[in-house]
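File shown: work_26.txt (compact mmCIF, C-alpha atoms).
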```txt
# COMPACT_ATOMS: atom_id res chain seq x y z
CA MET A 1 41.92 17.03 -10.58
CA ASP A 2 39.50 17.55 -7.68
CA LEU A 3 36.85 14.87 -8.32
CA ILE A 4 34.77 15.90 -5.30
CA ALA A 5 34.42 19.45 -6.59
CA LEU A 6 33.85 18.39 -10.20
CA ALA A 7 31.34 15.61 -9.52
CA PRO A 8 28.14 17.67 -8.87
CA PRO A 9 28.33 19.93 -11.96
CA LEU A 10 29.42 17.09 -14.24
CA PHE A 11 26.63 14.86 -12.91
CA GLY A 12 24.05 17.60 -13.54
CA LEU A 13 25.30 18.39 -17.03
CA ALA A 14 25.37 14.69 -17.94
CA LEU A 15 21.78 14.32 -16.71
CA LEU A 16 20.72 17.19 -18.98
CA ALA A 17 22.71 15.74 -21.89
CA GLY A 18 21.17 12.28 -21.42
CA PHE A 19 17.69 13.83 -21.42
CA VAL A 20 18.32 15.82 -24.60
CA ASP A 21 20.07 12.92 -26.33
CA ALA A 22 17.19 10.51 -25.67
CA ILE A 23 14.81 12.89 -27.40
CA ALA A 24 16.77 14.50 -30.22
CA GLY A 25 20.53 14.09 -29.87
CA GLY A 26 23.12 16.80 -29.36
CA GLY A 27 24.06 15.94 -25.79
CA GLY A 28 27.73 16.01 -26.72
CA LEU A 29 27.49 19.78 -27.08
CA ILE A 30 26.89 19.84 -23.33
CA THR A 31 29.28 17.15 -22.12
CA ILE A 32 32.37 17.72 -24.27
CA PRO A 33 32.75 21.40 -23.26
CA ALA A 34 32.13 20.31 -19.65
CA LEU A 35 34.98 17.79 -19.83
CA LEU A 36 37.30 20.35 -21.40
CA TRP A 37 36.36 22.75 -18.59
CA ALA A 38 37.24 20.00 -16.10
CA GLY A 39 40.78 20.07 -17.45
CA LEU A 40 40.86 17.06 -19.77
CA ALA A 41 42.84 17.13 -23.00
CA PRO A 42 40.76 17.15 -26.22
CA VAL A 43 41.28 13.45 -26.99
CA GLU A 44 40.57 12.51 -23.35
CA SER A 45 37.40 14.61 -23.51
CA LEU A 46 36.18 12.81 -26.63
CA ALA A 47 37.04 9.40 -25.17
CA THR A 48 35.47 10.07 -21.77
CA ASN A 49 32.40 11.51 -23.48
CA LYS A 50 31.92 8.25 -25.39
CA ALA A 51 32.28 6.28 -22.15
CA GLN A 52 29.53 8.20 -20.36
CA ALA A 53 27.31 8.52 -23.45
CA VAL A 54 27.16 4.74 -23.84
CA PHE A 55 25.14 4.57 -20.61
CA GLY A 56 22.65 7.18 -21.76
CA SER A 57 22.06 5.74 -25.23
CA GLY A 58 22.02 2.22 -23.75
CA THR A 59 19.38 3.15 -21.17
CA ALA A 60 17.15 4.76 -23.79
CA THR A 61 17.59 1.78 -26.11
CA LEU A 62 16.59 -0.73 -23.42
CA HIS A 63 13.47 1.29 -22.59
CA PHE A 64 12.39 1.42 -26.24
CA MET A 65 13.03 -2.32 -26.61
CA ARG A 66 10.99 -3.17 -23.52
CA LYS A 67 8.11 -1.11 -24.89
CA GLY A 68 8.25 -3.00 -28.18
CA TRP A 69 9.42 -0.16 -30.42
CA VAL A 70 12.64 -1.93 -31.47
CA ASP A 71 13.09 -5.56 -32.52
CA PRO A 72 16.85 -6.29 -32.19
CA ARG A 73 16.71 -9.24 -34.59
CA ALA A 74 15.10 -7.13 -37.33
CA VAL A 75 17.83 -4.47 -37.14
CA SER A 76 20.83 -6.73 -36.50
CA PHE A 77 22.36 -6.13 -39.95
CA THR A 78 21.98 -2.35 -39.59
CA VAL A 79 23.59 -2.54 -36.14
CA ALA A 80 26.51 -4.54 -37.53
CA CYS A 81 27.02 -2.06 -40.38
CA THR A 82 26.89 0.87 -37.97
CA PHE A 83 29.44 -0.79 -35.69
CA VAL A 84 31.85 -1.36 -38.57
CA GLY A 85 31.35 2.18 -39.85
CA ALA A 86 32.05 3.70 -36.43
CA MET A 87 35.19 1.60 -36.02
CA LEU A 88 36.47 2.77 -39.40
CA GLY A 89 35.65 6.37 -38.53
CA ALA A 90 37.48 6.21 -35.22
CA ILE A 91 40.53 4.85 -37.02
CA ALA A 92 40.30 7.39 -39.86
CA VAL A 93 40.06 10.42 -37.55
CA GLN A 94 43.62 9.71 -36.50
CA GLN A 95 44.79 9.86 -40.12
CA ILE A 96 42.62 12.40 -41.97
CA ASP A 97 42.16 16.17 -41.62
CA SER A 98 38.54 16.78 -40.56
CA ALA A 99 38.51 20.49 -41.55
CA LEU A 100 36.31 20.00 -44.64
CA LEU A 101 33.84 17.86 -42.71
CA ARG A 102 33.63 20.48 -39.96
CA GLN A 103 32.69 23.09 -42.57
CA LEU A 104 30.09 20.92 -44.29
CA ILE A 105 28.20 19.49 -41.30
CA PRO A 106 26.59 22.76 -40.05
CA LEU A 107 25.07 23.35 -43.50
CA LEU A 108 23.70 19.80 -43.63
CA LEU A 109 22.20 20.10 -40.16
CA LEU A 110 20.52 23.41 -41.01
CA GLY A 111 19.02 21.78 -44.08
CA PHE A 112 17.78 18.83 -42.02
CA SER A 113 16.25 21.17 -39.44
CA LEU A 114 14.18 22.76 -42.23
CA TYR A 115 13.12 19.28 -43.36
CA PHE A 116 11.94 18.35 -39.85
CA LEU A 117 10.15 21.70 -39.55
CA PHE A 118 8.22 21.66 -42.82
CA SER A 119 7.99 18.09 -44.14
CA PRO A 120 4.57 16.40 -43.77
CA ARG A 121 6.41 13.05 -43.54
CA VAL A 122 7.64 13.95 -40.04
CA SER A 123 4.72 12.85 -37.87
CA ASP A 124 3.45 10.08 -35.62
CA LEU A 125 2.33 8.05 -38.66
CA ASP A 126 4.50 5.77 -40.78
CA SER A 127 4.83 6.79 -44.43
CA HIS A 128 6.11 5.27 -47.69
CA ARG A 129 9.40 3.36 -47.61
CA ARG A 130 11.88 4.56 -50.26
CA ILE A 131 14.68 1.97 -49.95
CA ALA A 132 15.10 -1.58 -48.64
CA THR A 133 16.46 -2.15 -45.14
CA PRO A 134 19.74 -3.79 -46.30
CA THR A 135 20.40 -0.78 -48.54
CA PHE A 136 19.71 1.51 -45.59
CA ALA A 137 22.15 -0.47 -43.45
CA LEU A 138 24.94 -0.31 -46.05
CA THR A 139 24.48 3.42 -46.70
CA VAL A 140 23.10 5.20 -43.64
CA GLY A 141 24.32 2.62 -41.12
CA VAL A 142 27.89 2.54 -42.38
CA GLY A 143 27.99 6.22 -43.38
CA VAL A 144 26.58 7.78 -40.22
CA GLY A 145 28.41 5.25 -38.07
CA PHE A 146 31.65 6.33 -39.76
CA TYR A 147 30.75 9.96 -39.12
CA ASP A 148 30.12 9.33 -35.42
CA GLY A 149 33.45 7.59 -35.00
CA PHE A 150 35.18 10.31 -37.02
CA PHE A 151 33.54 13.50 -35.70
CA GLY A 152 30.18 13.09 -33.94
CA PRO A 153 27.94 16.16 -33.49
CA GLY A 154 24.46 15.61 -34.93
CA THR A 155 24.73 11.83 -35.31
CA GLY A 156 21.27 11.28 -33.85
CA THR A 157 19.79 13.80 -36.29
CA PHE A 158 21.39 12.04 -39.26
CA PHE A 159 20.04 8.65 -38.17
CA ALA A 160 16.58 10.12 -37.54
CA ILE A 161 16.41 11.81 -40.93
CA GLY A 162 17.40 8.52 -42.54
CA TYR A 163 14.68 6.56 -40.80
CA VAL A 164 12.00 9.15 -41.54
CA ALA A 165 12.93 10.10 -45.10
CA LEU A 166 14.15 6.73 -46.41
CA LEU A 167 12.35 4.03 -44.41
CA GLY A 168 9.18 6.02 -43.74
CA TYR A 169 9.24 5.57 -39.96
CA ASN A 170 7.12 7.77 -37.74
CA LEU A 171 9.06 10.00 -35.37
CA ARG A 172 8.60 7.84 -32.25
CA ARG A 173 9.78 4.74 -34.09
CA ALA A 174 12.66 6.62 -35.75
CA THR A 175 13.85 7.98 -32.40
CA ALA A 176 13.75 4.51 -30.82
CA HIS A 177 15.86 2.99 -33.60
CA THR A 178 18.18 5.99 -33.64
CA LYS A 179 19.09 5.37 -30.00
CA LEU A 180 20.05 1.76 -30.76
CA LEU A 181 22.35 2.83 -33.62
CA ASN A 182 23.75 5.69 -31.56
CA PHE A 183 24.55 3.24 -28.75
CA THR A 184 26.25 0.98 -31.29
CA SER A 185 28.45 3.74 -32.71
CA ASN A 186 29.29 5.04 -29.23
CA LEU A 187 30.31 1.56 -28.11
CA ALA A 188 32.47 0.94 -31.19
CA ALA A 189 34.38 4.21 -30.70
CA LEU A 190 34.68 3.59 -26.96
CA ILE A 191 36.36 0.22 -27.52
CA LEU A 192 39.13 1.90 -29.52
CA PHE A 193 39.52 4.80 -27.08
CA ALA A 194 39.61 2.46 -24.08
CA HIS A 195 42.18 0.23 -25.76
CA ALA A 196 44.37 3.32 -26.21
CA GLY A 197 43.96 4.25 -22.52
CA GLN A 198 42.36 7.61 -23.26
CA VAL A 199 39.26 7.34 -21.03
CA VAL A 200 39.22 9.04 -17.59
CA TRP A 201 37.05 6.41 -15.94
CA MET A 202 36.41 8.23 -12.64
CA LEU A 203 34.75 11.16 -14.42
CA ALA A 204 33.01 8.84 -16.86
CA ALA A 205 31.43 6.95 -13.92
CA VAL A 206 30.09 10.15 -12.34
CA MET A 207 28.63 11.35 -15.61
CA ALA A 208 27.24 7.91 -16.48
CA ALA A 209 25.00 8.12 -13.40
CA GLY A 210 23.56 11.40 -14.69
CA GLN A 211 23.18 9.97 -18.19
CA LEU A 212 21.18 7.01 -16.87
CA ILE A 213 18.63 9.27 -15.17
CA GLY A 214 18.40 11.79 -18.01
CA ALA A 215 18.00 9.11 -20.69
CA TRP A 216 15.31 7.32 -18.67
CA LEU A 217 13.29 10.54 -18.38
CA GLY A 218 13.77 11.53 -22.00
CA SER A 219 12.87 8.15 -23.46
CA HIS A 220 9.64 8.04 -21.43
CA LEU A 221 8.64 11.49 -22.73
CA VAL A 222 9.31 10.48 -26.35
CA LEU A 223 6.80 7.62 -26.15
CA LYS A 224 4.26 9.78 -24.33
CA HIS A 225 4.34 12.86 -26.55
CA GLY A 226 5.72 11.63 -29.89
CA ALA A 227 6.23 14.12 -32.73
CA ALA A 228 4.77 16.99 -30.72
CA LEU A 229 7.86 16.81 -28.49
CA VAL A 230 10.54 15.30 -30.74
CA ARG A 231 9.98 17.47 -33.81
CA PRO A 232 10.65 20.89 -32.22
CA ILE A 233 13.55 19.58 -30.13
CA LEU A 234 15.14 18.03 -33.22
CA VAL A 235 14.86 21.37 -35.02
CA VAL A 236 16.28 23.35 -32.11
CA SER A 237 19.02 20.79 -31.50
CA SER A 238 20.08 20.85 -35.17
CA ILE A 239 20.21 24.66 -35.21
CA LEU A 240 22.20 24.84 -31.96
CA ILE A 241 24.70 22.22 -33.13
CA SER A 242 25.12 24.11 -36.41
CA ALA A 243 25.58 27.43 -34.61
CA LYS A 244 28.15 25.93 -32.24
CA LEU A 245 30.16 24.38 -35.06
CA LEU A 246 30.07 27.59 -37.12
CA TRP A 247 31.12 29.61 -34.08
CA ASP A 248 34.04 27.26 -33.44
CA GLN A 249 35.13 27.69 -37.05
CA LEU A 250 34.99 31.50 -36.84
CA ALA A 251 36.72 31.59 -33.47
CA GLY A 252 39.40 29.26 -34.72
CA GLY A 253 40.32 31.45 -37.54
```
If you took the structure in this file and wrote it as structure tokens, what would it be?
Amino acid sequence: MDLIALAPPLFGLALLAGFVDAIAGGGGLITIPALLWAGLAPVESLATNKAQAVFGSGTATLHFMRKGWVDPRAVSFTVACTFVGAMLGAIAVQQIDSALLRQLIPLLLLGFSLYFLFSPRVSDLDSHRRIATPTFALTVGVGVGFYDGFFGPGTGTFFAIGYVALLGYNLRRATAHTKLLNFTSNLAALILFAHAGQVVWMLAAVMAAGQLIGAWLGSHLVLKHGAALVRPILVVSSILISAKLLWDQLAGG
């Protein structure tokens, strides 16, 4: 593995992924193929992707916290539920066939993209809360956390749709909280991957630098432009993730 030759393209792709992830999610569609192209095995690619993604989601989360969009104490139970869910998902993926999930997720994401495109609830204004926060933590936190540990693509979209549709958050606020939960699920999965020795740390370090820059830029643009920026990127991101997953299914047989 020629790290010197691989470093510039991987850094650039990680920067782009961090930027996209901070706004709408879906950065893994950029970084996982890049790591496979670099010659890593599939499990090493997933593990190394979690290692570098932690820096991007962490950077975006810190920015949103500093700007007052996230109160860590108010979401501590949701964070804990997400962490547990992601741990369980990362364990389960080693035991359960994910074929059915791979077939279902593109359809869900396409449906969510239509929701983001047409629903009047998706705006820069908070709307009516449908469920209590503890209920949200035990359902969306655990459920989407499990999904991220188990499979991954579209996790940010699932968290965002939960915050908008169930808790009535505006899109800026939903995105800020989504990054915190995404960081949590990334970290939980990373702990298991690192314990198993599946992370290629040299490549993760190079890509982490790109993630830091991309996430910083993306998180600043979210707060500046709000729904006018996040809404279309969420729609496009959901459609692209769906198309990629459907293509993989067709190509695989």
(request) To one decimal in Å, tell me the separation between CA of Leu6 in chain A and CA of Ser57 in chain A. (result)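 Between CA of Leu6 in chain A and CA of Ser57 in chain A the gap is 22.9 Å.
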(message) Nearest residue to Trp201 in chain A out of A:Thr178, A:Thr59, A:Ser219, A:Ser45, using only C-alpha atoms?
(response)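 Using only C-alpha atoms, Trp201 in chain A sits closest to A:Ser45.
The interatomic distance for the pair CA of Leu212 in chain A and CA of Val70 in chain A works out to 19.1 Å.
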(request) Please identify all polymer residues within 6 Å of Thr61 in chain A, counting all atoms listed in the file, omitting same-chain residues fewer than 3 positions from it, and present them as an MDAnalysis selection string. (result) chainID A and resid 58 64 179:180
(message) Using only C-alpha atoms, can you tell me which of A:Ala132, A:Ala176, A:Val20, A:Leu114 comes closest to Pro72 in chain A?
(response)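 Among A:Ala132, A:Ala176, A:Val20, A:Leu114, it is A:Ala176 that comes nearest to Pro72 in chain A.
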Which residues of range 106-207 of chain A come within 10 Å of range 21-34 of chain A, and what is each one's closest atom pair and distance in Å (one decimal), counting all atoms listed in the file, sorted by chain and residue number, as CSV?
```
residue,atom,partner,partner_atom,distance
A:Gly152,CA,A:Gly28,CA,8.2
A:Pro153,CA,A:Gly26,CA,6.4
A:Gly154,CA,A:Gly26,CA,5.9
A:Thr155,CA,A:Gly25,CA,7.2
A:Gly156,CA,A:Gly25,CA,4.9
A:Thr157,CA,A:Gly25,CA,6.5
A:Phe158,CA,A:Gly25,CA,9.6
A:Phe159,CA,A:Gly25,CA,9.9
A:Ala160,CA,A:Ala24,CA,8.5
A:Arg172,CA,A:Ile23,CA,9.4
A:Thr175,CA,A:Ile23,CA,7.1
A:Ala176,CA,A:Ala22,CA,8.6
A:Thr178,CA,A:Ala22,CA,9.2
A:Lys179,CA,A:Ala22,CA,7.0
A:Asn182,CA,A:Gly25,CA,9.2
A:Met207,CA,A:Thr31,CA,8.7
```
(request) State, in Å with one decimal place, the distance from CA of Phe19 in chain A to CA of Leu223 in chain A. (result)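 Value for the CA of Phe19 in chain A-CA of Leu223 in chain A distance: 13.4 Å.
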(request) Quick one: everything within 12 Å of Phe77 in chain A, counting all atoms listed in the file, minus sequence neighbours fewer than 2 positions away in the same chain. Send it as number ranges by chain. (result) A: 71-75, 79-84, 133-142, 181, 184
Only C-alpha atoms, please: the residues just picked out, written as a tab-separated table (two decimals), in the coordinates of the input.
```tsv
chain	number	residue	atom	x	y	z
A	71	ASP	CA	13.09	-5.56	-32.52
A	72	PRO	CA	16.85	-6.29	-32.19
A	73	ARG	CA	16.71	-9.24	-34.59
A	74	ALA	CA	15.10	-7.13	-37.33
A	75	VAL	CA	17.83	-4.47	-37.14
A	79	VAL	CA	23.59	-2.54	-36.14
A	80	ALA	CA	26.51	-4.54	-37.53
A	81	CYS	CA	27.02	-2.06	-40.38
A	82	THR	CA	26.89	0.87	-37.97
A	83	PHE	CA	29.44	-0.79	-35.69
A	84	VAL	CA	31.85	-1.36	-38.57
A	133	THR	CA	16.46	-2.15	-45.14
A	134	PRO	CA	19.74	-3.79	-46.30
A	135	THR	CA	20.40	-0.78	-48.54
A	136	PHE	CA	19.71	1.51	-45.59
A	137	ALA	CA	22.15	-0.47	-43.45
A	138	LEU	CA	24.94	-0.31	-46.05
A	139	THR	CA	24.48	3.42	-46.70
A	140	VAL	CA	23.10	5.20	-43.64
A	141	GLY	CA	24.32	2.62	-41.12
A	142	VAL	CA	27.89	2.54	-42.38
A	181	LEU	CA	22.35	2.83	-33.62
A	184	THR	CA	26.25	0.98	-31.29
```
(request) Find the residues around Glu44 in chain A up to 9 Å (all atoms listed in the file counted), leave out those fewer than 5 positions away in its own chain, and share them as a PyMOL selection string. (result) chain A and resi 35-36+49+193+197-200
(request) Go through A:Leu88, A:Val206, A:Met65, A:Ala14 one by one, measure the shortest atom-to-atom distance of each to Arg173 in chain A using all atoms listed in the file, and give the residue with the smallest value. (result) A:Met65
(request) For Ala174 in chain A, please output as JSON, numbers by chain all residues within 8 Å (counting only C-alpha atoms; exclusion window: fewer than 5 positions along the same chain). (result) {"A": [160, 163, 164, 169]}
Export of prior selection with C-alpha atoms as a PDB file, in the frame of the given file:
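Wrote again-v3.pdb, looks like this:
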```
ATOM      1  CA  ALA A 160      16.580  10.120 -37.540  1.00  0.00           C
ATOM      2  CA  TYR A 163      14.680   6.560 -40.800  1.00  0.00           C
ATOM      3  CA  VAL A 164      12.000   9.150 -41.540  1.00  0.00           C
ATOM      4  CA  TYR A 169       9.240   5.570 -39.960  1.00  0.00           C
TER       5      TYR A 169
END
```
(message) Residues near Phe11 in chain A, anyone? I mean within 12 Å using all atoms listed in the file, not counting same-chain ones fewer than 4 positions away, as a PyMOL selection string.
(response) chain A and resi 3-7+15-18+30-31+34-35+52+202-214
(message) My list of candidates is A:Phe150, A:Leu107, A:Ser242, A:Lys50. Which is closest to Ala194 in chain A when distances are computed with only C-alpha atoms?
(response) A:Lys50
(request) Find the residue from A:Val144, A:Ala60, A:Leu10, A:Ala38 that sits nearest to Ile161 in chain A; use only C-alpha atoms when measuring. (result)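 Nearest to Ile161 in chain A: A:Val144.
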